[in-house]
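Notes follow the structure.
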Amino acid sequence: MPTGVWKITVVHFTTIIGIFCSIRNDVNPGDNLNIPAIAKYFTTKGRYEEVNPHLIDDILAVNTSILQPPSTQCREIHLTAIIRHGTRYPTVKNIKKMRKFYELVKSSAAGEASWLREIQTQWKMWYTEDMDGRLAQKGVEDHKHLAIRLSKLFPTMISEENLRGGFIQFITSSKHRCVNSTLSFKAGLTELWAITDKEFDHAVNDALMRFFDQCTRFVQEVDNNPSALSEMDKFKQGPEMRRVQEKIADRLRVQYSLITDEMAEAAFYLCAYEFAIKTVNSPWCQLFDVVDAQVMEYANDLKQFWKRGYGYDINSKSSCILFHDVFSRLDKAASENKSGQKVSETVTVQIGHAETILPLLTLLGFFKDSNVPTSTNYATQTQRSFRTSRMLPYAANFLLVLYDCGGGDLRLQPLLNEKPVTFPGLIDRGSYMPLYEDVKENYRELLQGCDFETECQLFKHPAEV
């Protein structure tokens with residue numbers, strides 16, 4: 001479909017929604033009435049548009065000025081894009097929690113609030129267990145639109161010629177939501193260029209995209225270890241979370257004992273999923289104000305920090321295999337370019353999970369705060385950079401762009417969610433686009449070590465912070 005048609009469709013759909021949506025009391029004046037005030041705190045259940053709000057008005061908008069090479073001689077020669085799957089349905093585990101909470105509200109909640117009457121008389125529990133984490137239609141659109149935007153950002157690399165010529169490679173996790181995101185990304189390009197005479201392959205590679213399942217030490221010491229998430233568990237039993245639960249109970253006029261931390265989480269998910277999947281500011285969102293949502297966000301950030309981030313060394317080391325794969329592709333592109341050949345793999349699109357991207361970002365040192373988030377220091381964490389709502393929405397993407405700036409001057413630009421970021425340790429160099437050799441020097445110890453097999457062997461000592 002031509003670009004202009006996509007744009008018109010989205011604008012008209014937004015306009016129609018805007019006309020028919022009801023005014024709710026959790027909306028800030030001047031905001032889009034269809035966006036819950038708490039939408040920016042949905043962590044890994046958040047829309048990509050909350051991280052890039054300009055896309056709300058134009059889903060295909062790109063800002064080419066973010067790509068500012070140090071000289072006009074610079075040209076892109078390779079792009080690696082590691083992308084999370086698009087918007088998905090809840091998993092069976094969460095659907096069961098949501099159904100349980102819905103049944104409680106329907107049978108026990110009291111009050112005359114219009115949003116509560118809407119839940120009890122109109123809203124239906126439409127999530128079914130066969131959905132189990134599968135890609136939603138919104139997720140299809142997430143990847144189609146991302147593909148088109150990236151082709152506009154990097155037109156010399158993501159081009160019809162390179163796609164037809166086999167210079168764009170696609171790799172995916174075996175999970176349905178990732179395979180279908182990959183198909184959607186490819187469809188975004190083939191529809192953009194009206195390609196109907198050819199199909200393009202993708203490779204399924206769980207060793208790269210689901211490395212966490214295959215790292216024995218991570219699985220046993222963290223993933224299957226109940227005590228690994230003790231900080232999150234303690235926070236869920238702490239005063240901040242208890243206050244959120246009491247406020248939910250007050251709004252529903254039910255006994256405090258009925259609203260457990262799991263019930264609060266289910267309520268938060270009901271608001272988040274309705275918004276992410278259907279773009280609906282649902283009555284469930286009335287159960288939270290911004291203060292509550294920040295507490296819920298922190299609980300999930302604790303989970304991600306201790307299970308995928310800096311909490312334990314093995315979390316990031318489990319991504320060693322992906323780390324080395326990325327740099328081997330960059331090295332190969334650099335070598336081919338130096339010898340005057342056309343780079344054989346101009347673009348690598350790798351589609352996985354939040355759990356694929358976060359350990360790699362952690363290994364590279366991004367979003368590391370001076371204070372470790374714990375169950376007792378919530379009040380001092382308001383300015384933390386480790387915030388999964390901003391880092392890992394649906395369709396989150398980590399891009400590495402290699403430039404040839406002439407005379408053997410190779411530079412590497414990292415972007416997260418289509419925005420430039422700076423490699424930790426290279427901030428003093430004053431550039432979003434440092435010399436590739438400086439980047440390799442910065443990660444020299446990891447490049448020389450960080451062996452997946454060695455790191456993932458099960459040792460007898462417990463995981464260490």
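So you can find residues: chains in the structure tokens are A, B, ... in the order shown, residues in each start at 1, and ligands are numbered from 1 in order.
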Looking only at helix (DSSP H, G or I) from DSSP on the backbone, list the matching residues of segment 159-271 of chain A as a count of residues only.
77
Which residues are near Leu447 of chain A? Cut-off 9 Å, only C-alpha atoms, ignore same chain within fewer than 6 positions. Put them as a PDB file with N, CA, C and O atoms, in the first residue's frame.
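So part37.pdb came out as:
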ATOM      1  N   PHE A 323      25.736 -10.859  21.612  1.00  0.00           N
ATOM      2  CA  PHE A 323      26.765  -9.809  21.593  1.00  0.00           C
ATOM      3  C   PHE A 323      27.835 -10.118  20.551  1.00  0.00           C
ATOM      4  O   PHE A 323      28.169  -9.277  19.706  1.00  0.00           O
ATOM      5  N   HIS A 324      28.377 -11.341  20.600  1.00  0.00           N
ATOM      6  CA  HIS A 324      29.444 -11.705  19.651  1.00  0.00           C
ATOM      7  C   HIS A 324      28.902 -11.786  18.225  1.00  0.00           C
ATOM      8  O   HIS A 324      29.610 -11.425  17.268  1.00  0.00           O
ATOM      9  N   PHE A 327      28.763  -8.202  16.810  1.00  0.00           N
ATOM     10  CA  PHE A 327      30.070  -7.640  16.452  1.00  0.00           C
ATOM     11  C   PHE A 327      30.736  -8.403  15.310  1.00  0.00           C
ATOM     12  O   PHE A 327      31.496  -7.811  14.532  1.00  0.00           O
ATOM     13  N   LYS A 440      35.013  -0.806  19.969  1.00  0.00           N
ATOM     14  CA  LYS A 440      35.586  -2.142  20.224  1.00  0.00           C
ATOM     15  C   LYS A 440      36.571  -2.108  21.386  1.00  0.00           C
ATOM     16  O   LYS A 440      36.630  -3.043  22.185  1.00  0.00           O
ATOM     17  N   GLU A 441      37.299  -1.023  21.503  1.00  0.00           N
ATOM     18  CA  GLU A 441      38.216  -0.881  22.631  1.00  0.00           C
ATOM     19  C   GLU A 441      37.433  -0.774  23.941  1.00  0.00           C
ATOM     20  O   GLU A 441      37.829  -1.344  24.963  1.00  0.00           O
TER      21      GLU A 441
END
Interatomic distance (Å, one decimal) between atom CA of Thr44 of chain A and atom CA of Asn180 of chain A:
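That distance, rounded to one decimal, is 18.7 Å.
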Leaving out segment 166-176 of chain A and any residue of its chain fewer than 2 positions from it, which residues lie within 6 Å of it when counting only C-alpha atoms, given as a list in words?
Asn162, Leu163, Arg164, Cys178, Val179, Asn180, His202, Ala203, Val204, Asn205, Asp206, Met209, Ser344, Glu345, Thr346, Val347, Thr348, Val349, Gln350, Ile351 and Gly352 of chain A
I need the residues from that last selection saved to file as a short mmCIF file (atom, residue, chain, number, x, y, z; two decimals), in the first residue's frame (with N, CA, C and O atoms), if you can.
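Result file is selection32.cif:
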data_model
loop_
_atom_site.label_atom_id
_atom_site.label_comp_id
_atom_site.auth_asym_id
_atom_site.auth_seq_id
_atom_site.Cartn_x
_atom_site.Cartn_y
_atom_site.Cartn_z
N ASN A 162 18.11 -3.87 -2.40
CA ASN A 162 18.79 -4.73 -1.43
C ASN A 162 17.92 -5.89 -0.97
O ASN A 162 18.40 -6.99 -0.71
N LEU A 163 16.60 -5.65 -0.87
CA LEU A 163 15.71 -6.74 -0.47
C LEU A 163 15.67 -7.81 -1.56
O LEU A 163 15.85 -9.00 -1.29
N ARG A 164 15.48 -7.38 -2.79
CA ARG A 164 15.43 -8.34 -3.90
C ARG A 164 16.78 -9.05 -4.09
O ARG A 164 16.82 -10.22 -4.48
N CYS A 178 6.77 -13.64 17.35
CA CYS A 178 7.99 -13.15 16.69
C CYS A 178 7.99 -13.50 15.20
O CYS A 178 8.34 -12.65 14.36
N VAL A 179 7.60 -14.73 14.88
CA VAL A 179 7.52 -15.12 13.46
C VAL A 179 6.52 -14.21 12.74
O VAL A 179 6.79 -13.70 11.65
N ASN A 180 5.37 -13.98 13.36
CA ASN A 180 4.36 -13.13 12.73
C ASN A 180 4.78 -11.66 12.66
O ASN A 180 4.39 -10.94 11.74
N HIS A 202 13.04 -16.13 5.98
CA HIS A 202 13.59 -15.75 7.28
C HIS A 202 14.12 -17.02 7.95
O HIS A 202 13.67 -18.12 7.64
N ALA A 203 15.06 -16.84 8.86
CA ALA A 203 15.62 -17.98 9.60
C ALA A 203 15.11 -17.93 11.03
O ALA A 203 15.05 -16.87 11.65
N VAL A 204 14.75 -19.10 11.57
CA VAL A 204 14.38 -19.21 12.98
C VAL A 204 15.63 -19.61 13.75
O VAL A 204 16.28 -20.61 13.42
N ASN A 205 16.01 -18.79 14.75
CA ASN A 205 17.25 -19.06 15.48
C ASN A 205 17.06 -18.73 16.97
O ASN A 205 17.26 -17.60 17.40
N ASP A 206 16.65 -19.73 17.73
CA ASP A 206 16.43 -19.51 19.16
C ASP A 206 17.73 -19.39 19.95
O ASP A 206 17.74 -18.78 21.02
N MET A 209 18.04 -15.61 19.55
CA MET A 209 16.93 -14.74 19.95
C MET A 209 16.24 -15.17 21.24
O MET A 209 15.49 -14.41 21.83
N SER A 344 27.98 -7.80 2.03
CA SER A 344 27.09 -8.91 1.64
C SER A 344 25.81 -8.96 2.47
O SER A 344 24.80 -9.51 2.02
N GLU A 345 25.85 -8.44 3.68
CA GLU A 345 24.65 -8.40 4.53
C GLU A 345 24.47 -6.95 4.96
O GLU A 345 24.93 -6.54 6.02
N THR A 346 23.80 -6.19 4.12
CA THR A 346 23.66 -4.76 4.38
C THR A 346 22.80 -4.51 5.62
O THR A 346 23.08 -3.62 6.42
N VAL A 347 21.74 -5.32 5.75
CA VAL A 347 20.81 -5.15 6.88
C VAL A 347 20.51 -6.51 7.50
O VAL A 347 20.26 -7.48 6.78
N THR A 348 20.56 -6.57 8.82
CA THR A 348 20.15 -7.77 9.55
C THR A 348 19.00 -7.37 10.47
O THR A 348 19.17 -6.52 11.35
N VAL A 349 17.85 -7.97 10.25
CA VAL A 349 16.67 -7.72 11.09
C VAL A 349 16.49 -8.95 11.97
O VAL A 349 16.24 -10.05 11.47
N GLN A 350 16.61 -8.75 13.29
CA GLN A 350 16.52 -9.87 14.23
C GLN A 350 15.37 -9.61 15.20
O GLN A 350 15.40 -8.63 15.95
N ILE A 351 14.38 -10.47 15.18
CA ILE A 351 13.16 -10.20 15.96
C ILE A 351 13.02 -11.21 17.11
O ILE A 351 12.99 -12.42 16.89
N GLY A 352 12.97 -10.65 18.31
CA GLY A 352 12.88 -11.47 19.51
C GLY A 352 11.95 -10.86 20.53
O GLY A 352 10.85 -10.40 20.21
#
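Between atom CA of Arg134 of chain A and atom CA of Arg177 of chain A the interatomic distance comes to 5.0 Å.
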Identify all residues of segment 397-429 of chain A in strand (DSSP E) (DSSP on the backbone) and supply them as a list in words.
Asn397, Phe398, Leu399, Leu400, Val401, Leu402, Tyr403, Asp404, Leu410, Arg411, Leu412, Gln413, Pro414, Leu415, Leu416, Lys419 and Pro420 of chain A
Residue subset to file, keeping N, CA, C and O atoms, as a compact mmCIF listing (two decimals), in the first residue's frame:
# COMPACT_ATOMS: atom_id res chain seq x y z
N ASN A 397 13.16 -1.36 19.69
CA ASN A 397 14.23 -1.75 18.76
C ASN A 397 15.55 -1.11 19.15
O ASN A 397 15.61 0.06 19.54
N PHE A 398 16.59 -1.90 19.04
CA PHE A 398 17.96 -1.44 19.27
C PHE A 398 18.69 -1.55 17.95
O PHE A 398 18.81 -2.64 17.38
N LEU A 399 19.13 -0.41 17.43
CA LEU A 399 19.76 -0.35 16.10
C LEU A 399 21.24 0.00 16.24
O LEU A 399 21.61 0.85 17.04
N LEU A 400 22.05 -0.64 15.44
CA LEU A 400 23.48 -0.31 15.34
C LEU A 400 23.78 -0.04 13.87
O LEU A 400 23.61 -0.92 13.02
N VAL A 401 24.20 1.20 13.58
CA VAL A 401 24.43 1.63 12.20
C VAL A 401 25.91 1.90 12.00
O VAL A 401 26.50 2.74 12.69
N LEU A 402 26.51 1.18 11.05
CA LEU A 402 27.94 1.35 10.76
C LEU A 402 28.11 2.28 9.56
O LEU A 402 27.47 2.08 8.51
N TYR A 403 28.94 3.29 9.74
CA TYR A 403 29.19 4.30 8.70
C TYR A 403 30.64 4.23 8.23
O TYR A 403 31.56 4.03 9.04
N ASP A 404 30.84 4.45 6.95
CA ASP A 404 32.17 4.67 6.38
C ASP A 404 32.29 6.16 6.10
O ASP A 404 31.56 6.70 5.26
N LEU A 410 35.71 4.46 10.21
CA LEU A 410 34.43 3.79 10.42
C LEU A 410 33.82 4.25 11.73
O LEU A 410 34.51 4.35 12.76
N ARG A 411 32.52 4.53 11.71
CA ARG A 411 31.84 4.99 12.92
C ARG A 411 30.58 4.17 13.16
O ARG A 411 29.97 3.66 12.22
N LEU A 412 30.20 4.07 14.44
CA LEU A 412 29.05 3.25 14.80
C LEU A 412 28.06 4.07 15.62
O LEU A 412 28.42 4.67 16.63
N GLN A 413 26.82 4.11 15.15
CA GLN A 413 25.79 4.85 15.86
C GLN A 413 24.75 3.89 16.45
O GLN A 413 24.12 3.12 15.74
N PRO A 414 24.55 3.94 17.78
CA PRO A 414 23.48 3.16 18.39
C PRO A 414 22.21 4.00 18.51
O PRO A 414 22.26 5.18 18.82
N LEU A 415 21.06 3.38 18.27
CA LEU A 415 19.78 4.04 18.48
C LEU A 415 18.87 3.09 19.25
O LEU A 415 18.88 1.87 19.00
N LEU A 416 18.10 3.62 20.15
CA LEU A 416 17.09 2.84 20.85
C LEU A 416 15.73 3.45 20.55
O LEU A 416 15.52 4.65 20.78
N LYS A 419 15.83 6.57 18.42
CA LYS A 419 16.47 7.77 18.96
C LYS A 419 17.93 7.47 19.31
O LYS A 419 18.21 6.41 19.88
N PRO A 420 18.85 8.38 18.98
CA PRO A 420 20.26 8.12 19.28
C PRO A 420 20.51 7.99 20.79
O PRO A 420 19.91 8.71 21.59
Fewer than 2 positions away in the same chain doesn't count, so skip those; otherwise give me all residues within 8 Å of Leu458 of chain A, counting only C-alpha atoms, as a list in words.
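These residues fall inside the cut-off: Thr216, Arg217, Gln220, Cys456 and Lys460 of chain A.
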I want to know what sits within 10 Å of Asp233 of chain A, based on only C-alpha atoms, with residues of the same chain fewer than 3 positions away left out; could you give that as a VMD selection string?
chain A and resid 226 to 230 236 to 238 261 299 302 to 303 375
Suppose we keep N, CA, C and O atoms; can you now write the selection as a tab-separated table (two decimals), in the first residue's frame?
chain	number	residue	atom	x	y	z
A	226	PRO	N	13.07	-19.00	43.09
A	226	PRO	CA	12.09	-18.09	43.68
A	226	PRO	C	12.72	-16.93	44.46
A	226	PRO	O	12.19	-15.82	44.47
A	227	SER	N	13.88	-17.17	45.06
A	227	SER	CA	14.50	-16.11	45.88
A	227	SER	C	15.17	-15.03	45.04
A	227	SER	O	15.51	-13.96	45.54
A	228	ALA	N	15.35	-15.29	43.73
A	228	ALA	CA	16.02	-14.30	42.87
A	228	ALA	C	15.22	-13.01	42.78
A	228	ALA	O	15.77	-11.93	42.55
A	229	LEU	N	13.90	-13.10	42.95
A	229	LEU	CA	13.03	-11.92	42.84
A	229	LEU	C	12.54	-11.47	44.22
A	229	LEU	O	11.46	-10.88	44.34
A	230	SER	N	13.35	-11.69	45.24
A	230	SER	CA	12.91	-11.37	46.61
A	230	SER	C	12.65	-9.87	46.79
A	230	SER	O	11.74	-9.48	47.53
A	236	LYS	N	6.10	-5.84	46.81
A	236	LYS	CA	4.67	-6.11	46.63
A	236	LYS	C	3.94	-6.26	47.97
A	236	LYS	O	2.72	-6.11	48.03
A	237	GLN	N	4.70	-6.59	49.01
A	237	GLN	CA	4.09	-6.69	50.36
A	237	GLN	C	4.31	-5.42	51.17
A	237	GLN	O	3.90	-5.34	52.33
A	238	GLY	N	4.94	-4.43	50.57
A	238	GLY	CA	5.32	-3.22	51.29
A	238	GLY	C	4.23	-2.16	51.31
A	238	GLY	O	3.14	-2.32	50.72
A	261	ASP	N	-2.03	-8.28	45.84
A	261	ASP	CA	-1.10	-7.67	44.86
A	261	ASP	C	-1.34	-8.27	43.47
A	261	ASP	O	-1.22	-7.57	42.46
A	299	ALA	N	7.21	-1.88	40.55
A	299	ALA	CA	7.17	-3.31	40.87
A	299	ALA	C	7.67	-4.13	39.68
A	299	ALA	O	8.46	-5.07	39.84
A	302	LEU	N	11.42	-3.65	39.11
A	302	LEU	CA	12.19	-4.50	40.02
A	302	LEU	C	12.32	-5.91	39.45
A	302	LEU	O	13.40	-6.51	39.47
A	303	LYS	N	11.23	-6.42	38.92
A	303	LYS	CA	11.27	-7.76	38.30
A	303	LYS	C	12.27	-7.79	37.16
A	303	LYS	O	13.12	-8.70	37.07
A	375	SER	N	13.46	-3.02	47.39
A	375	SER	CA	12.09	-2.96	47.91
A	375	SER	C	11.89	-1.77	48.84
A	375	SER	O	10.75	-1.37	49.10
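Ranking A:Ala272, A:Thr121, A:Lys96, A:Lys278 by their shortest atom-to-atom distance to Ala136 of chain A, with only C-alpha atoms included, puts A:Lys278 first.
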Return the single residue from A:Trp115, A:Phe154, A:Trp126, A:Tyr432 that is closest to Val62 of chain A, with distances computed using only C-alpha atoms.
A:Phe154
Distance query Ile277 of chain A at most 12 Å, only C-alpha atoms, self and fewer than 3 positions along chain excluded, as a PDB file with C-alpha atoms, in the first residue's frame:
ATOM      1  CA  LYS A  45       2.877  -3.741  28.114  1.00  0.00           C
ATOM      2  CA  GLY A  46       3.137  -0.199  26.755  1.00  0.00           C
ATOM      3  CA  ARG A  47       2.483   1.123  23.260  1.00  0.00           C
ATOM      4  CA  TYR A  48       5.427   2.178  21.128  1.00  0.00           C
ATOM      5  CA  GLY A  86       4.732  -6.178  18.259  1.00  0.00           C
ATOM      6  CA  THR A  87       1.696  -5.771  20.497  1.00  0.00           C
ATOM      7  CA  ARG A  88       0.473  -9.144  21.705  1.00  0.00           C
ATOM      8  CA  TYR A  89      -2.433 -10.676  23.570  1.00  0.00           C
ATOM      9  CA  PRO A  90      -1.969 -11.634  27.236  1.00  0.00           C
ATOM     10  CA  TYR A 127      -9.710 -12.621  26.322  1.00  0.00           C
ATOM     11  CA  GLY A 133       0.655 -14.273  23.900  1.00  0.00           C
ATOM     12  CA  ARG A 134      -0.051 -14.299  20.181  1.00  0.00           C
ATOM     13  CA  LEU A 135       0.442 -11.232  18.003  1.00  0.00           C
ATOM     14  CA  ALA A 136      -2.552  -8.890  17.873  1.00  0.00           C
ATOM     15  CA  GLN A 137      -3.572  -6.958  14.753  1.00  0.00           C
ATOM     16  CA  LYS A 138      -2.025  -3.873  16.361  1.00  0.00           C
ATOM     17  CA  GLY A 139       1.241  -5.839  16.528  1.00  0.00           C
ATOM     18  CA  VAL A 140       1.045  -6.518  12.787  1.00  0.00           C
ATOM     19  CA  GLU A 141       0.690  -2.791  12.216  1.00  0.00           C
ATOM     20  CA  ASP A 142       3.523  -2.010  14.668  1.00  0.00           C
ATOM     21  CA  TYR A 269      -3.087  -5.341  32.920  1.00  0.00           C
ATOM     22  CA  LEU A 270      -6.763  -4.957  31.997  1.00  0.00           C
ATOM     23  CA  CYS A 271      -6.231  -1.226  31.496  1.00  0.00           C
ATOM     24  CA  ALA A 272      -2.903  -1.733  29.666  1.00  0.00           C
ATOM     25  CA  TYR A 273      -4.050  -4.479  27.288  1.00  0.00           C
ATOM     26  CA  GLU A 274      -7.307  -2.758  26.351  1.00  0.00           C
ATOM     27  CA  VAL A 280      -9.375   2.063  24.151  1.00  0.00           C
ATOM     28  CA  ASN A 281      -9.228   4.162  27.305  1.00  0.00           C
ATOM     29  CA  SER A 282     -11.186   1.523  29.187  1.00  0.00           C
ATOM     30  CA  TYR A 394       6.011  -3.357  22.132  1.00  0.00           C
TER      31      TYR A 394
END
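Ranking A:Gly188, A:Gly111, A:Pro434, A:Pro359 by their shortest atom-to-atom distance to Ile314 of chain A, with only C-alpha atoms included, puts A:Pro359 first.
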Pick from A:Ile119, A:Val219, A:Ile82, A:Leu208, whichever lies nearest to Thr182 of chain A using only C-alpha atoms:
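Under the stated criterion, the closest residue is A:Ile82.
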Between atom CA of Glu262 of chain A and atom CA of Tyr41 of chain A, measure the distance and give it in Å to one decimal.
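So the two atoms, atom CA of Glu262 of chain A and atom CA of Tyr41 of chain A, lie 17.5 Å apart.
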In terms of the shortest atom-to-atom distance over only C-alpha atoms, which of A:Glu297, A:Glu246, A:Asp58, A:Glu118 is closest to Phe268 of chain A?
A:Glu297
Env of Glu445 of chain A: 12 Å cut, atoms = only C-alpha atoms, seq-sep filter 6 positions within chain, self excluded. Answer as an NGL selection string.
:A and (320 or 324 or 363-364 or 439 or 451)
With only C-alpha atoms as the atoms that count, which of A:Ile59, A:Leu79, A:Ala249, A:Leu360 lies nearest to Leu330 of chain A?
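Closest to Leu330 of chain A, using only C-alpha atoms: A:Leu79.
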